[in-house]
$ cat entry22.cif   # mmCIF, C-alpha atoms
data_my_file
loop_
_atom_site.label_atom_id
_atom_site.label_comp_id
_atom_site.auth_asym_id
_atom_site.auth_seq_id
_atom_site.Cartn_x
_atom_site.Cartn_y
_atom_site.Cartn_z
CA MET H 1 53.71 -21.92 -44.14
CA GLN H 2 50.45 -20.07 -44.82
CA LYS H 3 49.22 -22.99 -46.90
CA LEU H 4 50.03 -25.41 -44.04
CA SER H 5 48.15 -23.19 -41.56
CA LEU H 6 45.12 -23.09 -43.83
CA ILE H 7 45.11 -26.89 -44.10
CA ARG H 8 45.27 -27.15 -40.30
CA TRP H 9 42.30 -24.82 -39.92
CA VAL H 10 40.31 -26.82 -42.48
CA LEU H 11 41.11 -30.07 -40.66
CA LEU H 12 40.19 -28.50 -37.34
CA ALA H 13 36.87 -27.31 -38.75
CA VAL H 14 36.11 -30.79 -40.07
CA LEU H 15 36.91 -32.32 -36.71
CA LEU H 16 34.72 -29.82 -34.85
CA VAL H 17 31.79 -30.36 -37.21
CA GLY H 18 32.20 -34.10 -36.92
CA TRP H 19 32.37 -33.89 -33.11
CA GLY H 20 29.21 -31.78 -33.03
CA GLN H 21 27.37 -34.44 -35.03
CA VAL H 22 28.42 -37.38 -32.88
CA SER H 23 25.40 -37.00 -30.64
CA SER H 24 23.02 -37.68 -33.53
CA ALA H 25 24.92 -40.68 -34.96
CA PRO H 26 22.98 -43.99 -34.82
CA GLU H 27 25.53 -45.66 -32.56
CA SER H 28 25.34 -42.69 -30.17
CA VAL H 29 21.55 -42.93 -30.03
CA GLU H 30 21.75 -46.66 -29.36
CA LEU H 31 24.16 -46.11 -26.49
CA GLY H 32 21.75 -43.52 -25.12
CA ARG H 33 18.88 -45.99 -25.46
CA SER H 34 20.88 -48.61 -23.57
CA ILE H 35 21.55 -46.17 -20.72
CA TYR H 36 17.93 -44.99 -20.62
CA GLU H 37 16.23 -48.40 -20.83
CA ARG H 38 18.72 -50.78 -19.14
CA GLY H 39 21.23 -48.69 -17.22
CA ILE H 40 24.04 -50.14 -19.36
CA GLY H 41 26.71 -47.74 -20.58
CA ARG H 42 29.70 -47.90 -22.91
CA ASP H 43 31.35 -51.33 -23.34
CA GLY H 44 28.54 -53.02 -21.42
CA ARG H 45 29.35 -51.50 -18.03
CA GLU H 46 26.58 -51.08 -15.47
CA ILE H 47 25.83 -47.43 -14.74
CA THR H 48 26.02 -46.66 -11.01
CA ALA H 49 24.21 -43.92 -9.12
CA ARG H 50 23.71 -42.68 -5.56
CA VAL H 51 20.20 -42.34 -4.13
CA HIS H 52 19.29 -40.57 -0.86
CA GLY H 53 22.91 -39.42 -0.57
CA SER H 54 24.50 -42.77 0.31
CA MET H 55 22.70 -45.74 -1.24
CA THR H 56 24.44 -47.02 -4.41
CA LEU H 57 22.42 -48.74 -7.15
CA LYS H 58 23.48 -50.18 -10.51
CA GLY H 59 22.21 -51.07 -13.95
CA GLY H 60 18.48 -51.57 -14.37
CA ALA H 61 17.82 -50.22 -10.87
CA VAL H 62 18.82 -46.73 -12.07
CA ALA H 63 17.59 -46.93 -15.66
CA CYS H 64 15.82 -43.67 -16.52
CA GLY H 65 12.80 -45.42 -18.01
CA GLY H 66 11.98 -47.05 -14.70
CA CYS H 67 10.60 -43.75 -13.39
CA HIS H 68 10.20 -41.49 -16.41
CA GLY H 69 8.50 -44.09 -18.61
CA LYS H 70 9.81 -45.70 -21.76
CA ASP H 71 8.93 -42.63 -23.81
CA GLY H 72 10.13 -39.98 -21.34
CA TYR H 73 6.83 -38.32 -20.49
CA GLY H 74 7.16 -38.94 -16.75
CA GLY H 75 4.27 -39.65 -14.43
CA GLY H 76 4.03 -41.18 -10.95
CA GLU H 77 6.50 -43.34 -9.06
CA ALA H 78 5.24 -44.31 -5.59
CA PHE H 79 4.49 -40.93 -3.95
CA VAL H 80 6.79 -38.98 -6.29
CA ARG H 81 5.75 -37.19 -9.47
CA VAL H 82 8.52 -37.42 -12.07
CA PRO H 83 8.84 -34.92 -14.92
CA ASP H 84 8.76 -35.15 -18.69
CA ILE H 85 12.44 -35.48 -19.72
CA ARG H 86 12.15 -35.50 -23.49
CA TRP H 87 14.75 -33.05 -24.74
CA ILE H 88 12.06 -30.94 -26.40
CA SER H 89 10.64 -30.33 -22.90
CA LEU H 90 13.92 -29.95 -21.02
CA SER H 91 15.33 -27.41 -23.48
CA ARG H 92 12.16 -25.29 -23.76
CA ALA H 93 12.45 -21.76 -22.36
CA TYR H 94 9.83 -20.28 -20.01
CA PRO H 95 9.72 -16.55 -19.21
CA ALA H 96 10.85 -15.22 -15.84
CA ARG H 97 8.16 -14.11 -13.40
CA ARG H 98 8.10 -11.25 -10.97
CA THR H 99 8.54 -13.64 -8.05
CA GLY H 100 11.96 -14.79 -9.25
CA PHE H 101 10.95 -18.46 -9.64
CA VAL H 102 12.41 -19.00 -13.11
CA GLN H 103 12.14 -22.05 -15.36
CA ILE H 104 15.54 -22.10 -17.11
CA PRO H 105 16.00 -24.37 -20.15
CA TYR H 106 18.61 -27.12 -20.02
CA ASP H 107 21.63 -27.31 -22.29
CA PRO H 108 24.19 -30.15 -22.37
CA VAL H 109 26.27 -28.54 -19.61
CA SER H 110 23.42 -27.96 -17.15
CA PHE H 111 21.94 -31.37 -18.02
CA ALA H 112 25.24 -33.06 -17.12
CA ARG H 113 25.33 -31.13 -13.85
CA VAL H 114 21.80 -32.09 -12.82
CA LEU H 115 22.45 -35.79 -13.48
CA ARG H 116 25.76 -35.81 -11.65
CA SER H 117 25.09 -33.45 -8.73
CA GLY H 118 21.30 -32.98 -8.58
CA ILE H 119 21.49 -29.20 -9.10
CA ALA H 120 18.79 -28.11 -11.55
CA SER H 121 19.20 -25.43 -14.23
CA SER H 122 17.33 -23.03 -11.91
CA GLU H 123 19.91 -23.75 -9.14
CA ARG H 124 17.30 -25.64 -7.10
CA LYS H 125 18.52 -28.86 -5.48
CA LEU H 126 16.50 -31.88 -6.58
CA ASP H 127 15.00 -34.33 -4.09
CA ALA H 128 17.42 -36.99 -2.88
CA VAL H 129 15.25 -39.66 -4.49
CA MET H 130 16.60 -38.51 -7.87
CA PRO H 131 19.76 -40.59 -8.55
CA ARG H 132 23.14 -38.89 -9.01
CA PHE H 133 24.76 -40.72 -11.96
CA ASP H 134 28.39 -41.51 -12.83
CA LEU H 135 28.00 -40.98 -16.60
CA ALA H 136 31.05 -40.12 -18.70
CA ASP H 137 30.88 -37.23 -21.17
CA ASP H 138 30.28 -39.42 -24.23
CA GLU H 139 27.58 -41.35 -22.36
CA MET H 140 25.93 -38.08 -21.35
CA ASN H 141 25.94 -36.88 -24.97
CA SER H 142 24.49 -40.20 -26.11
CA LEU H 143 21.69 -39.98 -23.55
CA ILE H 144 20.82 -36.49 -24.83
CA ALA H 145 20.83 -37.84 -28.39
CA PHE H 146 18.33 -40.51 -27.38
CA LEU H 147 16.11 -38.02 -25.55
CA LYS H 148 15.96 -36.01 -28.79
CA VAL H 149 14.68 -38.91 -30.87
CA ILE H 150 12.82 -40.96 -28.25
CA ASP H 151 9.97 -42.92 -29.77
CA HIS H 152 6.50 -41.50 -29.00
CA SER H 153 4.51 -43.98 -31.05
CA THR H 154 2.94 -45.61 -27.99
CA ARG H 155 1.21 -42.34 -27.12
CA SER H 156 -1.02 -42.45 -30.16
CA GLN H 157 -2.40 -45.75 -28.90
CA THR H 158 -3.40 -44.45 -25.48
CA THR H 159 -6.90 -43.49 -24.47
CA ARG H 160 -7.70 -39.90 -25.40
CA LEU H 161 -8.12 -37.58 -22.47
CA GLN H 162 -11.75 -37.09 -21.41
CA ILE H 163 -12.36 -33.65 -19.89
CA VAL H 164 -15.23 -33.04 -17.50
CA GLY H 165 -16.35 -29.57 -16.44
CA LEU H 166 -18.22 -28.89 -13.20
CA LEU H 167 -20.22 -25.66 -12.88
CA PRO H 168 -23.33 -24.36 -11.10
CA VAL H 169 -26.45 -24.21 -13.26
CA VAL H 170 -26.69 -21.11 -15.41
CA GLY H 171 -28.12 -18.15 -13.52
CA GLN H 172 -26.96 -19.28 -10.08
CA ASN H 173 -23.55 -17.57 -10.03
CA ALA H 174 -22.45 -14.78 -12.36
CA LEU H 175 -18.75 -15.70 -12.16
CA ALA H 176 -19.45 -19.34 -13.00
CA ASP H 177 -21.67 -18.27 -15.90
CA GLU H 178 -18.88 -16.10 -17.31
CA LEU H 179 -16.32 -18.89 -16.91
CA GLY H 180 -18.56 -21.37 -18.72
CA LEU H 181 -19.14 -18.96 -21.58
CA ARG H 182 -15.43 -18.27 -22.00
CA LEU H 183 -14.58 -21.98 -22.00
CA GLN H 184 -17.14 -22.58 -24.73
CA ASN H 185 -15.43 -19.95 -26.88
CA CYS H 186 -11.74 -20.68 -26.36
CA ALA H 187 -9.36 -19.30 -28.94
CA VAL H 188 -5.65 -19.69 -28.21
CA GLY H 189 -3.42 -17.45 -30.31
CA ASN H 190 -3.66 -18.01 -34.04
CA SER H 191 -3.25 -21.76 -33.78
CA SER H 192 -5.32 -23.92 -36.07
CA ALA H 193 -4.96 -26.89 -33.69
CA PRO H 194 -8.28 -28.30 -32.42
CA ILE H 195 -9.50 -27.29 -28.97
CA ALA H 196 -10.49 -30.25 -26.82
CA SER H 197 -14.15 -30.40 -25.91
CA ILE H 198 -15.54 -30.33 -22.36
CA ASP H 199 -18.33 -32.54 -21.09
CA THR H 200 -19.81 -30.10 -18.57
CA ILE H 201 -21.85 -31.18 -15.56
CA TYR H 202 -24.18 -28.49 -14.17
CA PHE H 203 -25.32 -28.69 -10.54
CA LYS H 204 -27.54 -26.81 -8.10
CA THR H 205 -25.92 -28.01 -4.87
CA PRO H 206 -22.61 -29.64 -3.93
CA GLU H 207 -24.53 -32.83 -3.09
CA GLU H 208 -25.98 -32.91 -6.60
CA ALA H 209 -22.53 -32.22 -8.06
CA ILE H 210 -21.05 -35.22 -6.23
CA ASP H 211 -23.90 -37.52 -7.32
CA LYS H 212 -23.57 -36.46 -10.95
CA LEU H 213 -19.79 -36.84 -10.85
CA ASP H 214 -20.13 -40.38 -9.46
CA ALA H 215 -22.51 -41.31 -12.26
CA ARG H 216 -20.32 -39.77 -14.99
CA LEU H 217 -16.97 -41.03 -13.74
CA GLY H 218 -18.37 -44.48 -13.16
CA LYS H 219 -18.66 -44.85 -16.92
CA ASN H 220 -15.19 -43.52 -17.74
CA ASN H 221 -12.31 -43.28 -15.31
CA GLN H 222 -9.94 -41.94 -18.00
CA SER H 223 -10.94 -38.39 -17.15
CA VAL H 224 -9.74 -35.14 -15.64
CA ILE H 225 -11.99 -32.49 -14.15
CA LEU H 226 -11.25 -29.02 -15.51
CA ALA H 227 -11.85 -25.70 -13.73
CA PRO H 228 -14.57 -26.89 -11.34
CA PHE H 229 -16.26 -24.09 -9.39
CA LEU H 230 -15.41 -25.18 -5.83
CA ILE H 231 -15.70 -21.96 -3.84
CA GLY H 232 -17.03 -22.84 -0.39
CA TRP H 233 -16.96 -26.64 -0.66
CA GLU H 234 -13.32 -27.48 -1.45
CA ASN H 235 -12.90 -30.07 1.32
CA ARG H 236 -16.15 -31.89 0.51
CA TYR H 237 -15.06 -32.14 -3.12
CA VAL H 238 -11.67 -33.59 -2.18
CA GLN H 239 -13.31 -36.08 0.16
CA ALA H 240 -15.75 -37.17 -2.55
CA LEU H 241 -12.90 -37.95 -4.96
CA ARG H 242 -10.57 -39.41 -2.35
CA ASP H 243 -10.70 -42.99 -3.65
CA ARG H 244 -10.55 -42.10 -7.34
CA GLN H 245 -7.29 -41.70 -9.27
CA ILE H 246 -8.59 -38.61 -11.05
CA ASP H 247 -6.88 -35.25 -11.35
CA THR H 248 -8.51 -31.85 -11.00
CA VAL H 249 -7.02 -29.19 -13.27
CA LEU H 250 -7.19 -25.44 -12.50
CA PRO H 251 -9.76 -25.64 -9.69
CA LEU H 252 -11.57 -22.35 -9.13
CA SER H 253 -11.05 -22.14 -5.37
CA LEU H 254 -10.40 -19.53 -2.71
CA LEU H 255 -8.08 -21.89 -0.83
CA ASP H 256 -4.83 -23.72 -1.41
CA PRO H 257 -5.10 -27.43 -2.32
CA PRO H 258 -6.46 -29.33 0.72
CA THR H 259 -4.58 -32.34 2.05
CA GLY H 260 -5.19 -35.38 -0.13
CA SER H 261 -6.23 -33.43 -3.23
CA ARG H 262 -5.01 -34.24 -6.73
CA TRP H 263 -5.09 -30.66 -7.97
CA LEU H 264 -2.91 -29.72 -10.92
CA PHE H 265 -1.91 -26.17 -11.90
CA PRO H 266 -3.65 -24.51 -8.93
CA PHE H 267 -3.47 -20.75 -8.51
CA PRO H 268 -2.26 -19.50 -5.10
CA GLY H 269 -5.11 -19.61 -2.58
CA LEU H 270 -5.75 -17.31 0.37
CA GLU H 271 -3.29 -19.13 2.62
CA SER H 272 -0.34 -18.68 0.27
CA GLN H 273 -1.38 -15.08 -0.45
CA ILE H 274 -1.38 -14.34 3.27
CA LEU H 275 1.98 -16.06 3.75
CA ALA H 276 3.49 -13.93 0.97
CA LEU H 277 2.17 -10.75 2.61
CA ILE H 278 3.56 -11.69 6.02
CA ARG H 279 6.95 -12.52 4.54
CA SER H 280 7.04 -9.19 2.73
CA VAL H 281 6.76 -7.20 5.98
CA LYS H 282 9.08 -9.56 7.86
CA ALA H 283 11.73 -8.81 5.21
CA ASP H 284 11.20 -5.09 5.90
CA GLY H 285 11.92 -5.43 9.62
CA PHE H 286 8.39 -5.64 11.05
CA GLU H 287 8.17 -7.48 14.35
CA GLN H 288 4.46 -7.59 15.11
CA LEU H 289 1.28 -8.49 13.25
CA HIS H 290 -2.07 -6.99 14.21
CA ILE H 291 -4.80 -9.31 12.86
CA HIS H 292 -8.29 -8.10 12.00
CA TYR H 293 -10.70 -11.01 11.59
CA GLU H 294 -14.39 -11.79 12.01
CA PRO H 295 -15.16 -14.45 14.68
CA ASP H 296 -18.59 -15.11 13.15
CA LEU H 297 -17.20 -15.70 9.65
CA PRO H 298 -15.91 -19.31 9.26
CA LEU H 299 -13.51 -18.43 6.44
CA SER H 300 -12.04 -15.59 8.49
CA VAL H 301 -11.58 -17.88 11.52
CA ARG H 302 -9.94 -20.54 9.35
CA LEU H 303 -7.45 -18.01 7.98
CA TYR H 304 -6.78 -16.67 11.48
CA ASP H 305 -5.88 -20.20 12.64
CA PHE H 306 -3.58 -20.56 9.62
CA VAL H 307 -1.78 -17.32 10.48
CA GLN H 308 -1.33 -18.45 14.08
CA SER H 309 0.28 -21.67 12.79
CA VAL H 310 2.86 -20.03 10.52
CA VAL H 311 3.76 -16.76 12.29
CA PRO H 312 5.91 -18.31 15.09
CA SER H 313 8.33 -19.82 12.57
CA LEU H 314 8.73 -16.38 10.98
CA GLY H 315 9.67 -14.70 14.25
CA LEU H 316 6.67 -12.37 14.49
CA SER H 317 4.28 -11.88 17.37
CA VAL H 318 0.51 -11.60 16.90
CA ILE H 319 -2.01 -9.25 18.44
CA THR H 320 -5.74 -9.07 17.82
CA GLN H 321 -6.54 -5.87 19.72
CA THR H 322 -5.13 -2.37 19.37
CA PRO H 323 -2.59 -1.81 22.18
CA ALA H 324 -3.71 0.70 24.82
CA VAL H 325 -0.26 2.31 24.66
CA GLU H 326 1.47 2.85 21.33
CA GLN H 327 4.77 0.99 21.16
CA GLU H 328 6.95 3.36 19.19
CA ARG H 329 9.85 0.97 18.74
CA VAL H 330 7.84 -2.01 17.50
CA LYS H 331 7.07 -2.04 13.80
CA THR H 332 3.55 -3.41 13.43
CA ALA H 333 1.69 -4.35 10.24
CA ARG H 334 -2.09 -4.81 10.14
CA LEU H 335 -3.45 -7.87 8.34
CA TRP H 336 -7.08 -7.99 7.21
CA LEU H 337 -8.78 -11.39 7.12
CA LYS H 338 -12.22 -9.91 6.52
CA PRO H 339 -13.67 -7.39 4.05
CA VAL H 340 -12.13 -3.98 4.59
CA ASP H 341 -13.36 -0.50 3.70
CA GLN H 342 -10.16 1.00 2.36
CA SER H 343 -11.36 4.60 2.33
CA ALA H 344 -12.63 4.42 5.93
CA ILE H 345 -9.37 2.92 7.17
CA ASP H 346 -7.27 5.50 5.32
CA ALA H 347 -9.21 8.28 7.02
CA GLU H 348 -8.03 7.16 10.48
CA ARG H 349 -4.71 5.35 10.01
CA SER H 350 -1.34 6.96 10.62
CA GLU H 351 1.25 7.38 7.87
CA LYS H 352 3.50 4.70 9.33
CA ASP H 353 0.78 2.02 9.29
CA VAL H 354 1.22 -0.75 6.73
CA MET H 355 -1.97 -2.54 5.74
CA LEU H 356 -2.00 -6.08 4.34
CA ALA H 357 -4.95 -7.71 2.58
CA PRO H 358 -5.66 -10.45 0.03
CA VAL H 359 -7.46 -8.87 -2.90
CA LEU H 360 -10.61 -10.83 -2.00
CA PHE H 361 -11.05 -8.63 1.09
CA PHE H 362 -9.95 -5.40 -0.57
CA ALA H 363 -12.38 -3.97 -3.11
CA PRO H 364 -12.21 -0.18 -3.46
CA LYS H 365 -15.00 1.27 -5.57
CA PRO H 366 -13.97 3.80 -8.22
CA ALA H 367 -15.61 7.16 -7.63
CA ASP H 368 -16.59 7.46 -11.29
CA GLY H 369 -18.19 4.01 -11.43
CA ASN H 370 -15.83 2.82 -14.16
CA PRO H 371 -14.09 -0.60 -14.15
CA VAL H 372 -11.14 -0.88 -11.77
CA ARG H 373 -7.81 0.30 -13.14
CA ARG H 374 -4.47 -0.08 -11.45
CA VAL H 375 -4.23 2.58 -8.77
CA ASN H 376 -1.61 3.07 -6.09
CA PHE H 377 -2.94 2.90 -2.52
CA PRO H 378 -0.15 4.26 -0.30
CA GLY H 379 0.40 2.17 2.80
CA TRP H 380 -1.37 -0.90 1.39
CA ARG H 381 0.04 -4.21 0.19
CA ILE H 382 -2.52 -6.21 -1.78
CA ALA H 383 -1.95 -9.89 -2.65
CA TYR H 384 -3.19 -11.36 -5.94
CA PRO H 385 -3.20 -15.05 -6.94
CA TYR H 386 -1.77 -13.97 -10.29
CA GLN H 387 -0.11 -10.93 -11.79
CA PRO H 388 -2.96 -8.79 -13.12
CA GLU H 389 -2.73 -7.68 -16.72
CA ALA H 390 -4.42 -4.70 -18.32
CA ASP H 391 -5.96 -4.25 -21.74
CA ALA H 392 -5.28 -1.24 -23.96
CA SER H 393 -7.63 0.91 -21.86
CA GLY H 394 -5.79 0.09 -18.63
CA VAL H 395 -8.63 -2.02 -17.16
CA TRP H 396 -7.32 -4.97 -15.16
CA SER H 397 -8.29 -8.52 -16.05
CA THR H 398 -10.81 -10.23 -13.78
CA PRO H 399 -10.03 -13.52 -12.02
CA VAL H 400 -12.38 -15.38 -14.36
CA GLU H 401 -10.55 -13.98 -17.40
CA ILE H 402 -7.21 -15.22 -16.04
CA TRP H 403 -8.58 -18.65 -15.12
CA ALA H 404 -10.27 -19.02 -18.51
CA LYS H 405 -7.10 -18.15 -20.43
CA ALA H 406 -5.16 -20.80 -18.53
CA ALA H 407 -7.95 -23.36 -19.04
CA CYS H 408 -8.14 -22.58 -22.78
CA GLU H 409 -4.40 -23.19 -23.09
CA PHE H 410 -4.88 -26.54 -21.36
CA LEU H 411 -7.69 -27.39 -23.80
CA ALA H 412 -5.45 -26.45 -26.74
CA GLN H 413 -2.72 -28.81 -25.54
CA ALA H 414 -5.25 -31.54 -24.86
CA GLY H 415 -6.66 -31.01 -28.34
CA ALA H 416 -3.25 -31.68 -29.83
CA GLY H 417 -3.54 -35.25 -28.49
CA THR H 418 -0.39 -35.19 -26.35
CA MET H 419 -2.14 -35.83 -23.01
CA ASN H 420 -4.01 -38.55 -21.26
CA ASN H 421 -4.84 -38.95 -17.58
CA HIS H 422 -1.29 -40.21 -16.92
CA ILE H 423 0.51 -37.54 -18.96
CA MET H 424 0.47 -33.86 -18.12
CA PRO H 425 2.95 -31.09 -18.95
CA GLU H 426 5.21 -29.92 -16.14
CA ASN H 427 4.17 -26.31 -16.74
CA LEU H 428 1.21 -24.51 -18.22
CA GLN H 429 2.23 -21.31 -19.98
CA TRP H 430 -0.04 -18.72 -21.58
CA GLY H 431 0.00 -15.03 -22.30
CA LYS H 432 3.06 -12.97 -21.42
CA GLY H 433 4.95 -14.38 -18.46
CA LYS H 434 2.03 -16.47 -17.16
CA VAL H 435 3.22 -19.87 -15.93
CA LEU H 436 1.67 -22.41 -13.55
CA HIS H 437 3.50 -25.49 -12.33
CA ARG H 438 1.71 -28.81 -12.37
CA LEU H 439 2.28 -29.73 -8.73
CA GLN H 440 2.61 -27.03 -6.10
CA ASP H 441 3.17 -26.85 -2.37
CA LEU H 442 2.67 -23.89 -0.02
CA GLU H 443 6.19 -22.59 -0.64
CA MET H 444 5.86 -22.61 -4.42
CA LEU H 445 2.38 -21.12 -4.32
CA SER H 446 3.46 -18.26 -2.06
CA ASP H 447 6.39 -17.59 -4.42
CA GLN H 448 3.87 -17.03 -7.23
CA VAL H 449 1.76 -14.48 -5.36
CA PHE H 450 1.82 -10.98 -6.85
CA ILE H 451 1.95 -8.23 -4.20
CA ASP H 452 0.91 -4.80 -5.39
CA GLN H 453 2.34 -2.06 -3.18
#

$ encode --input "entry22.cif" --output "structure tokens"
Amino acid sequence: MQKLSLIRWVLLAVLLVGWGQVSSAPESVELGRSIYERGIGRDGREITARVHGSMTLKGGAVACGGCHGKDGYGGGEAFVRVPDIRWISLSRAYPARRTGFVQIPYDPVSFARVLRSGIASSERKLDAVMPRFDLADDEMNSLIAFLKVIDHSTRSQTTRLQIVGLLPVVGQNALADELGLRLQNCAVGNSSAPIASIDTIYFKTPEEAIDKLDARLGKNNQSVILAPFLIGWENRYVQALRDRQIDTVLPLSLLDPPTGSRWLFPFPGLESQILALIRSVKADGFEQLHIHYEPDLPLSVRLYDFVQSVVPSLGLSVITQTPAVEQERVKTARLWLKPVDQSAIDAERSEKDVMLAPVLFFAPKPADGNPVRRVNFPGWRIAYPYQPEADASGVWSTPVEIWAKAACEFLAQAGAGTMNNHIMPENLQWGKGKVLHRLQDLEMLSDQVFIDQ
């Protein structure tokens, strides 16, 4: 009896090992290829799928390669950006961030769920344009097998990515000078992979920048523009590139991507920082927002108009003048859309006041003159476009340091030869817990804002 039990266990082990290897068998890969390229499943049946909740399509109309490309890297389909679905990308883990927006790797179970029901590994519901497929389990496993071995040979034949930088002439802006220097001396980890080079354009005025860009891009449209210094002329830049199919990566801007921009991996701008601050006090039961802005400062007026446009949907009321009579029962937060003297405000504010400010408008000066370290300012909530990190001495990183680290990671990936102007990673990850998503809207950007309180 014991001998018979042992034989059964051995047979069971063989069966389980064999089952686990089915997904890599040649016939399994070929079935996966058929599903991916032609929408044809087991025994020649046409795969069916639902689109937009009710429309049913079959066969080639729902073949994965139609949107994600024959080698799985993704790209553009009409007005939709589709992701890289090679298994090496889908199964890669990204660290969680403070905001709770987590990139969770796919496994066979979560992959089957997203194809059948449209629920991603992060529990987000995909757009209705993504088909919901009727794949059987063996077909699903075969598709995964194909995504693991998908042929990338065509990528080596594509035009290598040309990277253009755009910075003010040296000596005109200290931040731009520091950014340029850091980009010239990128070193990412201990990798021996080559760092892609940048063809930098230097300009004195935005008009000169646009003229030089036109001349440079006219010669080569297979380009991306990396970390251009756009502070103060974001909309003019977007307008100048409106008719060109060229992406801008990691723009150094105070604002969120303007309408019509092709900005990739943007950091949260002032609008999304402000939205995150307002939501933080709304969640704490505040009912009223007292706005401090400067009517003679165009940026301040622009941000004031933005606040007026979003506050009604959040159920808050707005005031711009201190009420003559204190309303004890109304919880009011004060939002600063202009530079604020933190020490002067603290000298006159009451303990129950909550102050909100993007870090751009909040710049306390250390009494000892040393670089800024993380300090608690009771009663203040300060919004950052990234989570600051400190070195061994406790000094916080500057915005240019953070931007440069992200840009250097992009250059490292470009140097590996896996990008061109049609192929970009879905996420850009560097450092500890630093992740930017390729395409971002206001909601996603505000989710990334770090609020120090």

$ atom_distance --input "entry22.cif" --atom1 "CA of Thr248 (chain H)" --atom2 "CA of Ala227 (chain H)"
7.5 Å

$ atom_distance --input "entry22.cif" --atom1 "CA of Val354 (chain H)" --atom2 "CA of Val318 (chain H)"
14.9 Å

$ closest_residue --input "entry22.cif" --among "H:Ser91, H:Ser261, H:Thr200, H:Ser142" --to "Ile35 (chain H)" --atoms "all atoms listed in the file"
H:Ser142

$ residues_around --input "entry22.cif" --residues "Pro378 (chain H)" --least-positions-apart "3" --cutoff "12 Å" --atoms "all atoms listed in the file" --output "JSON, numbers by chain"
{"H": [342, 343, 345, 346, 349, 350, 351, 352, 353, 354, 355, 356, 375, 381, 382, 452, 453]}

$ closest_residue --input "entry22.cif" --among "H:Ile225, H:Ala209, H:Met55, H:Leu289" --to "Ala240 (chain H)" --atoms "all atoms listed in the file"
H:Ala209

$ atom_distance --input "entry22.cif" --atom1 "CA of Val330 (chain H)" --atom2 "CA of Leu270 (chain H)"
26.7 Å

$ resolve_selection --input "entry22.cif" --expression "the PyMOL selection byres ((chain H and resi 62) around 8)" --output "PyMOL selection string"
chain H and resi 39+47-49+57-61+63-64+66+131

$ resolve_selection --input "entry22.cif" --expression "the PyMOL selection byres ((chain H and resi 86) around 9)" --output "PDB file with C-alpha atoms, in the frame of the given file"
ATOM      1  CA  ASP H  71       8.930 -42.630 -23.810  1.00  0.00           C
ATOM      2  CA  GLY H  72      10.130 -39.980 -21.340  1.00  0.00           C
ATOM      3  CA  TYR H  73       6.830 -38.320 -20.490  1.00  0.00           C
ATOM      4  CA  ASP H  84       8.760 -35.150 -18.690  1.00  0.00           C
ATOM      5  CA  ILE H  85      12.440 -35.480 -19.720  1.00  0.00           C
ATOM      6  CA  TRP H  87      14.750 -33.050 -24.740  1.00  0.00           C
ATOM      7  CA  ILE H  88      12.060 -30.940 -26.400  1.00  0.00           C
ATOM      8  CA  SER H  89      10.640 -30.330 -22.900  1.00  0.00           C
ATOM      9  CA  LEU H  90      13.920 -29.950 -21.020  1.00  0.00           C
ATOM     10  CA  SER H  91      15.330 -27.410 -23.480  1.00  0.00           C
ATOM     11  CA  ILE H 144      20.820 -36.490 -24.830  1.00  0.00           C
ATOM     12  CA  PHE H 146      18.330 -40.510 -27.380  1.00  0.00           C
ATOM     13  CA  LEU H 147      16.110 -38.020 -25.550  1.00  0.00           C
ATOM     14  CA  LYS H 148      15.960 -36.010 -28.790  1.00  0.00           C
ATOM     15  CA  VAL H 149      14.680 -38.910 -30.870  1.00  0.00           C
ATOM     16  CA  ILE H 150      12.820 -40.960 -28.250  1.00  0.00           C
TER      17      ILE H 150
END

$ axis_aligned_box --input "entry22.cif" --around "region 112-130 of chain H" --padding-each-side "5 Å" --output "lines of an AutoDock Vina configuration file"
center_x = 20.4
center_y = -31.3
center_z = -10.0
size_x = 20.8
size_y = 26.6
size_z = 24.2

$ residues_around --input "entry22.cif" --residues "region 424-427 of chain H" --least-positions-apart "6" --cutoff "7 Å" --atoms "all atoms listed in the file" --output "JSON, numbers by chain"
{"H": [83, 84, 435, 436, 437, 438]}

$ resolve_selection --input "entry22.cif" --expression "the PyMOL selection byres ((chain H and resi 117) around 10)" --output "PyMOL selection string"
chain H and resi 50+112-116+118-120+125-126+130-134
